[in-house]
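Data file: coords.cif. Format and content: mmCIF, C-alpha atoms.
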```
data_upload
#
loop_
_atom_site.label_atom_id
_atom_site.label_comp_id
_atom_site.auth_asym_id
_atom_site.auth_seq_id
_atom_site.Cartn_x
_atom_site.Cartn_y
_atom_site.Cartn_z
CA MET A 266 21.86 -13.77 5.12
CA PRO A 267 23.08 -10.83 7.21
CA LEU A 268 20.88 -9.78 10.06
CA GLY A 269 20.72 -6.38 11.69
CA ARG A 270 20.96 -6.40 15.49
CA GLY A 271 18.95 -3.41 16.64
CA ARG A 272 18.12 -2.81 20.27
CA GLU A 273 15.69 -5.27 21.74
CA ALA A 274 15.82 -7.27 18.50
CA SER A 275 13.29 -9.78 19.75
CA MET A 276 10.72 -6.95 19.95
CA ALA A 277 11.89 -5.14 16.82
CA ARG A 278 9.82 -5.01 13.66
CA LYS A 279 11.36 -7.05 10.87
CA ILE A 280 12.23 -5.56 7.49
CA LEU A 281 13.29 -7.58 4.45
CA VAL A 282 15.62 -5.59 2.17
CA VAL A 283 15.69 -6.83 -1.43
CA GLU A 284 18.40 -4.94 -3.32
CA ASP A 285 21.02 -6.39 -5.69
CA ASP A 286 23.49 -3.52 -5.18
CA HIS A 287 25.43 -4.67 -2.12
CA ASN A 288 26.66 -1.16 -1.29
CA ILE A 289 23.13 0.25 -1.22
CA SER A 290 21.86 -2.77 0.68
CA ASP A 291 24.58 -2.41 3.33
CA LEU A 292 23.83 1.31 3.72
CA ILE A 293 20.09 0.71 4.13
CA ARG A 294 20.75 -2.11 6.59
CA MET A 295 23.08 0.08 8.65
CA TYR A 296 20.50 2.88 8.97
CA LEU A 297 17.65 0.51 9.75
CA ASP A 298 19.78 -1.19 12.37
CA LYS A 299 20.38 2.18 14.04
CA GLU A 300 16.62 2.78 14.06
CA GLY A 301 16.09 -0.47 15.97
CA PHE A 302 14.69 -2.63 13.17
CA GLU A 303 15.65 -6.26 12.65
CA VAL A 304 16.89 -6.61 9.08
CA GLN A 305 17.44 -9.42 6.63
CA ALA A 306 18.99 -8.67 3.23
CA VAL A 307 18.75 -10.69 0.02
CA PHE A 308 20.02 -9.86 -3.44
CA ASP A 309 17.71 -11.49 -6.00
CA GLY A 310 14.00 -12.02 -6.52
CA GLY A 311 13.99 -15.77 -5.97
CA SER A 312 15.71 -15.44 -2.60
CA ALA A 313 13.28 -12.65 -1.70
CA VAL A 314 10.24 -14.91 -2.11
CA GLU A 315 11.90 -17.69 -0.10
CA ALA A 316 13.00 -15.30 2.67
CA PHE A 317 9.55 -13.73 2.89
CA ARG A 318 7.87 -17.10 3.31
CA SER A 319 10.31 -18.37 5.93
CA TRP A 320 10.96 -15.15 7.89
CA GLN A 321 7.56 -13.40 7.67
CA PRO A 322 8.81 -9.80 7.86
CA ASP A 323 6.66 -6.83 8.89
CA MET A 324 7.70 -4.87 5.79
CA VAL A 325 9.56 -5.36 2.51
CA LEU A 326 11.85 -2.81 0.83
CA LEU A 327 11.85 -4.08 -2.74
CA ASP A 328 14.07 -3.02 -5.64
CA LEU A 329 12.46 -3.43 -9.06
CA MET A 330 15.44 -4.37 -11.21
CA LEU A 331 16.56 -7.71 -9.74
CA PRO A 332 18.18 -10.89 -11.07
CA VAL A 333 16.21 -14.19 -11.20
CA MET A 334 12.82 -12.49 -10.68
CA ASP A 335 12.07 -8.76 -10.97
CA GLY A 336 10.44 -6.69 -8.25
CA TRP A 337 7.01 -6.68 -9.88
CA ALA A 338 6.96 -10.50 -9.90
CA VAL A 339 8.16 -10.63 -6.28
CA CYS A 340 5.42 -8.18 -5.26
CA GLY A 341 2.83 -10.33 -7.00
CA LYS A 342 4.04 -13.47 -5.21
CA ILE A 343 3.92 -11.75 -1.83
CA ARG A 344 0.43 -10.38 -2.46
CA GLU A 345 -0.85 -13.91 -3.15
CA THR A 346 -0.57 -14.70 0.55
CA SER A 347 0.17 -11.52 2.52
CA ARG A 348 -0.78 -7.88 2.98
CA ALA A 349 2.57 -6.97 4.55
CA PRO A 350 3.47 -3.41 3.48
CA ILE A 351 5.85 -3.09 0.52
CA ILE A 352 7.93 -0.04 -0.40
CA MET A 353 9.39 -0.29 -3.89
CA ILE A 354 12.86 1.12 -4.47
CA THR A 355 14.03 1.79 -8.00
CA ALA A 356 16.17 3.97 -10.23
CA LYS A 357 13.21 4.44 -12.56
CA SER A 358 11.23 7.64 -12.08
CA GLU A 359 8.73 7.29 -14.91
CA VAL A 360 5.07 7.63 -13.92
CA PHE A 361 4.23 4.30 -15.58
CA ASP A 362 6.62 2.36 -13.34
CA ARG A 363 5.34 4.09 -10.23
CA ILE A 364 1.70 3.40 -11.09
CA GLN A 365 2.43 -0.21 -12.07
CA GLY A 366 4.05 -0.78 -8.69
CA LEU A 367 1.03 0.64 -6.90
CA GLU A 368 -1.33 -1.44 -9.01
CA MET A 369 0.58 -4.56 -8.02
CA GLY A 370 -0.16 -3.75 -4.37
CA ALA A 371 2.86 -1.72 -3.24
CA ASP A 372 2.18 0.77 -0.44
CA ASP A 373 4.83 3.33 -1.35
CA TYR A 374 7.49 4.05 -3.93
CA ILE A 375 10.84 5.80 -3.60
CA VAL A 376 13.24 6.68 -6.44
CA LYS A 377 17.02 6.43 -6.30
CA PRO A 378 19.01 8.38 -5.32
CA PHE A 379 17.24 9.14 -2.06
CA GLU A 380 18.16 10.44 1.37
CA MET A 381 18.17 7.83 4.14
CA LYS A 382 16.15 10.20 6.33
CA GLU A 383 13.41 10.20 3.69
CA LEU A 384 13.43 6.40 3.51
CA ILE A 385 13.15 6.08 7.29
CA ALA A 386 10.30 8.62 7.33
CA ARG A 387 8.43 6.70 4.64
CA ILE A 388 8.95 3.39 6.45
CA ASN A 389 7.55 4.82 9.68
CA ALA A 390 4.63 6.46 7.86
CA VAL A 391 3.65 3.23 6.09
CA LEU A 392 3.94 1.21 9.30
CA ARG A 393 1.71 3.72 11.11
CA ARG A 394 -0.93 3.47 8.41
CA THR A 395 -0.93 -0.31 8.25
CA GLU A 396 -0.80 -1.13 11.95
CA ILE A 397 -4.35 -0.89 13.32
CA PRO A 398 -4.75 -0.76 17.14
CA GLU A 399 -6.52 -3.81 18.54
CA ASP A 400 -9.20 -1.69 20.21
CA THR A 401 -10.07 0.07 16.95
CA ARG A 402 -13.05 -1.18 14.98
CA LYS A 403 -13.06 -0.15 11.36
CA ARG A 404 -15.97 -1.75 9.56
CA LEU A 405 -18.52 -0.17 7.24
CA VAL A 406 -21.63 -1.95 5.97
CA PHE A 407 -23.85 -0.89 3.07
CA ASP A 408 -26.28 -2.77 0.87
CA LYS A 409 -24.34 -5.78 -0.53
CA LEU A 410 -21.07 -4.20 0.57
CA GLU A 411 -18.87 -4.64 3.65
CA ILE A 412 -15.54 -2.83 4.05
CA ASN A 413 -13.57 -4.27 6.98
CA LEU A 414 -10.33 -2.47 7.74
CA ASP A 415 -9.71 -4.62 10.82
CA SER A 416 -9.27 -7.76 8.74
CA TYR A 417 -8.53 -5.89 5.47
CA GLU A 418 -11.37 -7.68 3.70
CA LEU A 419 -13.84 -6.45 1.12
CA THR A 420 -17.11 -8.36 0.77
CA VAL A 421 -19.22 -7.62 -2.31
CA ASP A 422 -22.64 -9.24 -2.70
CA GLY A 423 -21.73 -11.88 -0.12
CA LYS A 424 -18.37 -12.79 -1.67
CA LYS A 425 -14.92 -11.80 -0.42
CA VAL A 426 -13.06 -9.91 -3.13
CA ASP A 427 -9.26 -9.83 -3.13
CA THR A 428 -8.30 -6.16 -2.79
CA PRO A 429 -4.85 -4.57 -2.33
CA PRO A 430 -4.52 -2.67 0.97
CA LYS A 431 -4.34 0.79 -0.58
CA GLU A 432 -7.48 0.23 -2.66
CA LEU A 433 -9.35 -0.89 0.44
CA GLU A 434 -8.12 2.10 2.44
CA LEU A 435 -9.21 4.46 -0.34
CA LEU A 436 -12.70 2.94 -0.52
CA TYR A 437 -13.02 3.00 3.28
CA HIS A 438 -11.95 6.65 3.39
CA LEU A 439 -14.55 7.67 0.82
CA ALA A 440 -17.33 5.52 2.30
CA SER A 441 -16.70 6.69 5.87
CA THR A 442 -18.07 10.12 4.90
CA PRO A 443 -20.83 9.39 2.36
CA ASN A 444 -21.60 12.07 -0.24
CA ARG A 445 -18.55 14.16 0.66
CA VAL A 446 -16.51 15.13 -2.39
CA TYR A 447 -12.72 14.68 -2.13
CA THR A 448 -10.21 16.18 -4.52
CA ARG A 449 -7.45 13.93 -5.78
CA ASN A 450 -4.87 15.87 -3.77
CA GLN A 451 -6.92 15.47 -0.60
CA LEU A 452 -7.06 11.71 -1.16
CA LEU A 453 -3.33 11.54 -1.81
CA ASP A 454 -2.66 13.38 1.42
CA GLU A 455 -5.25 11.64 3.61
CA VAL A 456 -4.98 8.06 2.31
CA TRP A 457 -1.38 7.84 1.15
CA GLY A 458 -0.15 10.23 3.79
CA PHE A 459 2.37 12.02 1.59
CA ASP A 460 2.46 13.93 -1.69
CA TYR A 461 3.05 11.99 -4.92
CA PHE A 462 4.49 15.16 -6.43
CA GLY A 463 1.08 16.18 -7.75
CA ASP A 464 0.57 12.94 -9.70
CA SER A 465 -3.20 12.59 -9.37
CA ARG A 466 -3.24 9.64 -11.76
CA THR A 467 -2.36 7.43 -8.81
CA VAL A 468 -5.85 8.06 -7.40
CA ASP A 469 -7.49 7.56 -10.80
CA VAL A 470 -5.84 4.15 -11.22
CA HIS A 471 -7.05 2.97 -7.81
CA ILE A 472 -10.59 4.25 -8.42
CA LYS A 473 -10.66 2.41 -11.77
CA ARG A 474 -9.63 -0.84 -10.05
CA LEU A 475 -12.25 -0.38 -7.34
CA ARG A 476 -15.00 0.22 -9.87
CA GLU A 477 -14.16 -3.08 -11.54
CA LYS A 478 -14.95 -4.73 -8.20
CA VAL A 479 -18.01 -2.82 -6.92
CA GLU A 480 -19.76 -1.08 -9.81
CA ASN A 481 -23.47 -1.79 -10.41
CA ILE A 482 -23.77 -4.02 -7.35
CA SER A 483 -26.42 -1.89 -5.64
CA ASP A 484 -28.70 1.03 -6.48
CA GLN A 485 -28.31 2.38 -2.93
CA TRP A 486 -24.71 3.56 -3.27
CA ALA A 487 -22.12 4.27 -5.97
CA LEU A 488 -18.53 5.37 -6.42
CA LYS A 489 -18.97 8.63 -8.32
CA THR A 490 -16.73 10.97 -10.27
CA VAL A 491 -17.38 14.66 -9.69
CA TRP A 492 -16.02 16.09 -12.91
CA GLY A 493 -13.38 18.75 -12.45
CA VAL A 494 -13.22 18.10 -8.71
CA GLY A 495 -12.62 14.52 -7.62
CA TYR A 496 -14.57 11.56 -6.21
CA LYS A 497 -17.25 10.67 -3.68
CA PHE A 498 -19.04 7.63 -2.28
CA GLU A 499 -22.64 8.55 -3.02
CA VAL A 500 -25.44 7.12 -0.91
CA ALA A 501 -29.03 7.53 -2.09
CA PRO A 502 -31.51 9.28 0.23
CA LYS A 503 -33.60 6.79 2.18
CA GLY A 504 -36.75 7.68 0.32
CA LYS A 505 -35.11 6.72 -2.97
CA GLN A 506 -33.62 3.43 -1.83
#
```

Take the structure in this file and express it as structure tokens.
Amino acid sequence: MPLGRGREASMARKILVVEDDHNISDLIRMYLDKEGFEVQAVFDGGSAVEAFRSWQPDMVLLDLMLPVMDGWAVCGKIRETSRAPIIMITAKSEVFDRIQGLEMGADDYIVKPFEMKELIARINAVLRRTEIPEDTRKRLVFDKLEINLDSYELTVDGKKVDTPPKELELLYHLASTPNRVYTRNQLLDEVWGFDYFGDSRTVDVHIKRLREKVENISDQWALKTVWGVGYKFEVAPKGKQ
């Protein structure tokens, strides 16, 4: 498996590239190498799962259409044991494919053909969002609810609930400013960090998944839809709790 040899490779962040087109894979690897990343490339889904387990990369660039096991299945296998950020790479531009990738736990999505500068920018943006400084404490506690962004854990009514990173970040963002209403575009910009070309359904899908986990747990807070505007994490006034 070819390895990139960026500067100070021992300190470099590791990226697993899963792409069955060798020309595209080589091009991505060349640019990542220049940016100082350590790179490992594999060309099918089965090898991707094995490489992830043995190499433990900091990020995965994952094509969807792969031999042996497709990208959705690979993403699901990775999410069983790890929250390492995943950027899906695919020739498909349909909204359904993009949303399905995000539902599976992907952190970003880029459609072929793409500029390498855009890919590098997205990689750096996702790494910034997922790397939390050690001296930062990000933990919110409400009645029967704990959102811990340090450990990326959601505890509902005393039980840890498996939650994809982006869902947890969305809930934390809403709950960190109780009763504030956010538009879908604001959430896309502030949680995802880039524009999904106006596709607000991405937010709706994540809110739906969150509601399945936290709805009707407590009468002291709720994840509310503000019709025609967006969403808020509503906390009841103390006198009504």

Report summary line: Taken to one decimal, the atom CA of A:Arg387-atom CA of A:Phe361 distance is 20.8 Å

**Report entry** Atomic distance atom CA of A:Asn481 - atom CA of A:Ser465, expressed in Å with one decimal
**Finding:**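 Distance between the two atoms: 24.9 Å.
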
Report summary line: Between A:Gly366, A:Gly336, A:Pro429, A:Gly301, smallest distance to A:Ala349 by only C-alpha atoms belongs to A:Pro429

Report task. Please provide the set of residues having any atom within 7 Å of A:Glu284, restricted to all atoms listed in the file, with same-chain residues fewer than 2 positions apart removed, written as a list in words. Result -> Val282, Asp286, Ser290, Val307, Phe308, Leu327 and Asp328 of chain A

Restricting the output to C-alpha atoms, write the selected residues as a compact mmCIF listing (two decimals), in the frame of the given file.
```txt
# COMPACT_ATOMS: atom_id res chain seq x y z
CA VAL A 282 15.62 -5.59 2.17
CA ASP A 286 23.49 -3.52 -5.18
CA SER A 290 21.86 -2.77 0.68
CA VAL A 307 18.75 -10.69 0.02
CA PHE A 308 20.02 -9.86 -3.44
CA LEU A 327 11.85 -4.08 -2.74
CA ASP A 328 14.07 -3.02 -5.64
```

Report task. Tell me which of A:Met334, A:Ala440, A:Val391, A:Val283 sits closest to A:Leu414, counting all atoms listed in the file. Result ->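 The closest residue to A:Leu414 is A:Ala440.
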
Could you expand the PyMOL selection byres ((chain A and resi 373) around 8) into the explicit residues it covers here, written as an mmCIF file with C-alpha atoms, keeping the file's coordinate frame?
```cif
data_model
loop_
_atom_site.group_PDB
_atom_site.id
_atom_site.type_symbol
_atom_site.label_atom_id
_atom_site.label_comp_id
_atom_site.auth_asym_id
_atom_site.auth_seq_id
_atom_site.Cartn_x
_atom_site.Cartn_y
_atom_site.Cartn_z
ATOM 1 C CA ILE A 351 5.850 -3.090 0.520
ATOM 2 C CA ILE A 352 7.930 -0.040 -0.400
ATOM 3 C CA MET A 353 9.390 -0.290 -3.890
ATOM 4 C CA LEU A 367 1.030 0.640 -6.900
ATOM 5 C CA ALA A 371 2.860 -1.720 -3.240
ATOM 6 C CA ASP A 372 2.180 0.770 -0.440
ATOM 7 C CA TYR A 374 7.490 4.050 -3.930
ATOM 8 C CA ILE A 375 10.840 5.800 -3.600
ATOM 9 C CA ARG A 387 8.430 6.700 4.640
ATOM 10 C CA VAL A 391 3.650 3.230 6.090
#
```

Query raised in the report: At what distance in Å, to one decimal, does atom CA of A:Asn450 lie from atom CA of A:Val494?
Result: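 Straight-line distance from atom CA of A:Val494 to atom CA of A:Asn450 works out to 10.0 Å.
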
Query raised in the report: Restricting the calculation to all atoms listed in the file, which member of A:Pro350, A:Gly341, A:Pro332, A:Gly495 is positioned closest to A:Arg393?
Result: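 Answer, going by the shortest atom-to-atom distance: A:Pro350.
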
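Taking only C-alpha atoms into account, A:Lys377 lies nearest to A:Met330 out of the set A:Met330, A:Thr490, A:Lys431, A:Glu411.
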
Requested in this report: Can you pull out every residue within 12 Å of A:Phe379, counting only C-alpha atoms, but drop anything in the same chain fewer than 3 positions away, and send it as a list in words?
Outcome: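 My reading of the contact set: Ile289, Leu292, Ile293, Ile354, Thr355, Ala356, Ser358, Tyr374, Ile375, Val376, Lys382, Glu383, Leu384, Ile385, Ala386 and Arg387 of chain A.
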
Query raised in the report: Nearest to A:Gln365: which of A:Asp408, A:Gly493, A:Arg344, A:Leu329 is it, counting all atoms listed in the file?
Result: A:Leu329

Export: stretch 409-422 of chain A, all heavy atoms, as a PDB file, in the first residue's frame:
```
ATOM      1  N   LYS A 409     -32.153  15.029  32.515  1.00  0.00           N
ATOM      2  CA  LYS A 409     -32.089  13.738  31.815  1.00  0.00           C
ATOM      3  C   LYS A 409     -31.335  13.808  30.483  1.00  0.00           C
ATOM      4  O   LYS A 409     -31.514  12.943  29.623  1.00  0.00           O
ATOM      5  CB  LYS A 409     -33.498  13.181  31.572  1.00  0.00           C
ATOM      6  CG  LYS A 409     -34.287  12.936  32.843  1.00  0.00           C
ATOM      7  CD  LYS A 409     -35.655  12.377  32.521  1.00  0.00           C
ATOM      8  CE  LYS A 409     -36.467  12.163  33.795  1.00  0.00           C
ATOM      9  NZ  LYS A 409     -37.825  11.642  33.504  1.00  0.00           N
ATOM     10  N   LEU A 410     -30.496  14.816  30.325  1.00  0.00           N
ATOM     11  CA  LEU A 410     -29.754  14.966  29.081  1.00  0.00           C
ATOM     12  C   LEU A 410     -28.357  15.518  29.355  1.00  0.00           C
ATOM     13  O   LEU A 410     -28.204  16.515  30.050  1.00  0.00           O
ATOM     14  CB  LEU A 410     -30.487  15.922  28.133  1.00  0.00           C
ATOM     15  CG  LEU A 410     -29.826  16.193  26.774  1.00  0.00           C
ATOM     16  CD1 LEU A 410     -29.902  14.958  25.885  1.00  0.00           C
ATOM     17  CD2 LEU A 410     -30.476  17.391  26.080  1.00  0.00           C
ATOM     18  N   GLU A 411     -27.338  14.863  28.805  1.00  0.00           N
ATOM     19  CA  GLU A 411     -25.966  15.372  28.871  1.00  0.00           C
ATOM     20  C   GLU A 411     -25.358  15.295  27.478  1.00  0.00           C
ATOM     21  O   GLU A 411     -25.341  14.238  26.851  1.00  0.00           O
ATOM     22  CB  GLU A 411     -25.115  14.559  29.847  1.00  0.00           C
ATOM     23  CG  GLU A 411     -23.676  15.062  29.918  1.00  0.00           C
ATOM     24  CD  GLU A 411     -22.815  14.251  30.883  1.00  0.00           C
ATOM     25  OE1 GLU A 411     -23.363  13.743  31.879  1.00  0.00           O
ATOM     26  OE2 GLU A 411     -21.603  14.123  30.618  1.00  0.00           O
ATOM     27  N   ILE A 412     -24.866  16.438  26.993  1.00  0.00           N
ATOM     28  CA  ILE A 412     -24.219  16.521  25.688  1.00  0.00           C
ATOM     29  C   ILE A 412     -22.751  16.821  25.938  1.00  0.00           C
ATOM     30  O   ILE A 412     -22.404  17.912  26.383  1.00  0.00           O
ATOM     31  CB  ILE A 412     -24.837  17.639  24.820  1.00  0.00           C
ATOM     32  CG1 ILE A 412     -26.367  17.533  24.810  1.00  0.00           C
ATOM     33  CG2 ILE A 412     -24.295  17.586  23.394  1.00  0.00           C
ATOM     34  CD1 ILE A 412     -27.066  18.796  24.346  1.00  0.00           C
ATOM     35  N   ASN A 413     -21.884  15.865  25.677  1.00  0.00           N
ATOM     36  CA  ASN A 413     -20.454  16.011  25.968  1.00  0.00           C
ATOM     37  C   ASN A 413     -19.677  16.011  24.665  1.00  0.00           C
ATOM     38  O   ASN A 413     -19.518  14.978  24.016  1.00  0.00           O
ATOM     39  CB  ASN A 413     -19.989  14.875  26.876  1.00  0.00           C
ATOM     40  CG  ASN A 413     -18.609  15.149  27.453  1.00  0.00           C
ATOM     41  OD1 ASN A 413     -17.768  15.761  26.801  1.00  0.00           O
ATOM     42  ND2 ASN A 413     -18.380  14.706  28.676  1.00  0.00           N
ATOM     43  N   LEU A 414     -19.201  17.194  24.285  1.00  0.00           N
ATOM     44  CA  LEU A 414     -18.459  17.315  23.031  1.00  0.00           C
ATOM     45  C   LEU A 414     -16.969  17.051  23.230  1.00  0.00           C
ATOM     46  O   LEU A 414     -16.221  17.008  22.263  1.00  0.00           O
ATOM     47  CB  LEU A 414     -18.677  18.707  22.422  1.00  0.00           C
ATOM     48  CG  LEU A 414     -18.827  18.772  20.903  1.00  0.00           C
ATOM     49  CD1 LEU A 414     -19.937  17.861  20.424  1.00  0.00           C
ATOM     50  CD2 LEU A 414     -19.086  20.198  20.444  1.00  0.00           C
ATOM     51  N   ASP A 415     -16.542  16.892  24.478  1.00  0.00           N
ATOM     52  CA  ASP A 415     -15.160  16.475  24.731  1.00  0.00           C
ATOM     53  C   ASP A 415     -14.984  15.002  24.377  1.00  0.00           C
ATOM     54  O   ASP A 415     -14.028  14.617  23.712  1.00  0.00           O
ATOM     55  CB  ASP A 415     -14.781  16.700  26.200  1.00  0.00           C
ATOM     56  CG  ASP A 415     -14.642  18.168  26.540  1.00  0.00           C
ATOM     57  OD1 ASP A 415     -14.081  18.910  25.722  1.00  0.00           O
ATOM     58  OD2 ASP A 415     -15.108  18.579  27.609  1.00  0.00           O
ATOM     59  N   SER A 416     -15.913  14.187  24.848  1.00  0.00           N
ATOM     60  CA  SER A 416     -15.841  12.750  24.594  1.00  0.00           C
ATOM     61  C   SER A 416     -16.748  12.312  23.447  1.00  0.00           C
ATOM     62  O   SER A 416     -16.772  11.138  23.084  1.00  0.00           O
ATOM     63  CB  SER A 416     -16.236  11.973  25.854  1.00  0.00           C
ATOM     64  OG  SER A 416     -17.552  12.318  26.260  1.00  0.00           O
ATOM     65  N   TYR A 417     -17.490  13.289  22.862  1.00  0.00           N
ATOM     66  CA  TYR A 417     -18.473  13.003  21.810  1.00  0.00           C
ATOM     67  C   TYR A 417     -19.442  11.921  22.259  1.00  0.00           C
ATOM     68  O   TYR A 417     -19.643  10.909  21.585  1.00  0.00           O
ATOM     69  CB  TYR A 417     -17.781  12.630  20.491  1.00  0.00           C
ATOM     70  CG  TYR A 417     -17.556  13.851  19.618  1.00  0.00           C
ATOM     71  CD1 TYR A 417     -16.478  14.698  19.852  1.00  0.00           C
ATOM     72  CD2 TYR A 417     -18.427  14.177  18.595  1.00  0.00           C
ATOM     73  CE1 TYR A 417     -16.276  15.837  19.091  1.00  0.00           C
ATOM     74  CE2 TYR A 417     -18.240  15.298  17.815  1.00  0.00           C
ATOM     75  CZ  TYR A 417     -17.165  16.134  18.067  1.00  0.00           C
ATOM     76  OH  TYR A 417     -16.982  17.252  17.316  1.00  0.00           O
ATOM     77  N   GLU A 418     -20.064  12.164  23.418  1.00  0.00           N
ATOM     78  CA  GLU A 418     -21.047  11.230  23.963  1.00  0.00           C
ATOM     79  C   GLU A 418     -22.348  11.954  24.279  1.00  0.00           C
ATOM     80  O   GLU A 418     -22.344  13.069  24.788  1.00  0.00           O
ATOM     81  CB  GLU A 418     -20.519  10.566  25.233  1.00  0.00           C
ATOM     82  CG  GLU A 418     -19.373   9.594  24.991  1.00  0.00           C
ATOM     83  CD  GLU A 418     -18.879   8.959  26.271  1.00  0.00           C
ATOM     84  OE1 GLU A 418     -19.110   9.519  27.360  1.00  0.00           O
ATOM     85  OE2 GLU A 418     -18.238   7.887  26.182  1.00  0.00           O
ATOM     86  N   LEU A 419     -23.441  11.288  23.980  1.00  0.00           N
ATOM     87  CA  LEU A 419     -24.771  11.789  24.318  1.00  0.00           C
ATOM     88  C   LEU A 419     -25.388  10.830  25.332  1.00  0.00           C
ATOM     89  O   LEU A 419     -25.473   9.623  25.080  1.00  0.00           O
ATOM     90  CB  LEU A 419     -25.659  11.865  23.071  1.00  0.00           C
ATOM     91  CG  LEU A 419     -27.111  12.311  23.298  1.00  0.00           C
ATOM     92  CD1 LEU A 419     -27.170  13.748  23.778  1.00  0.00           C
ATOM     93  CD2 LEU A 419     -27.928  12.141  22.011  1.00  0.00           C
ATOM     94  N   THR A 420     -25.792  11.367  26.481  1.00  0.00           N
ATOM     95  CA  THR A 420     -26.428  10.555  27.521  1.00  0.00           C
ATOM     96  C   THR A 420     -27.864  11.013  27.688  1.00  0.00           C
ATOM     97  O   THR A 420     -28.125  12.187  27.978  1.00  0.00           O
ATOM     98  CB  THR A 420     -25.677  10.679  28.868  1.00  0.00           C
ATOM     99  OG1 THR A 420     -24.304  10.326  28.668  1.00  0.00           O
ATOM    100  CG2 THR A 420     -26.288   9.760  29.907  1.00  0.00           C
ATOM    101  N   VAL A 421     -28.804  10.104  27.472  1.00  0.00           N
ATOM    102  CA  VAL A 421     -30.232  10.409  27.545  1.00  0.00           C
ATOM    103  C   VAL A 421     -30.863   9.523  28.617  1.00  0.00           C
ATOM    104  O   VAL A 421     -30.803   8.295  28.528  1.00  0.00           O
ATOM    105  CB  VAL A 421     -30.919  10.164  26.189  1.00  0.00           C
ATOM    106  CG1 VAL A 421     -32.411  10.493  26.285  1.00  0.00           C
ATOM    107  CG2 VAL A 421     -30.266  10.997  25.094  1.00  0.00           C
ATOM    108  N   ASP A 422     -31.422  10.170  29.630  1.00  0.00           N
ATOM    109  CA  ASP A 422     -32.067   9.451  30.733  1.00  0.00           C
ATOM    110  C   ASP A 422     -31.133   8.394  31.336  1.00  0.00           C
ATOM    111  O   ASP A 422     -31.532   7.265  31.613  1.00  0.00           O
ATOM    112  CB  ASP A 422     -33.363   8.801  30.263  1.00  0.00           C
ATOM    113  CG  ASP A 422     -34.323   8.499  31.417  1.00  0.00           C
ATOM    114  OD1 ASP A 422     -34.076   9.003  32.535  1.00  0.00           O
ATOM    115  OD2 ASP A 422     -35.287   7.759  31.198  1.00  0.00           O
TER     116      ASP A 422
END
```
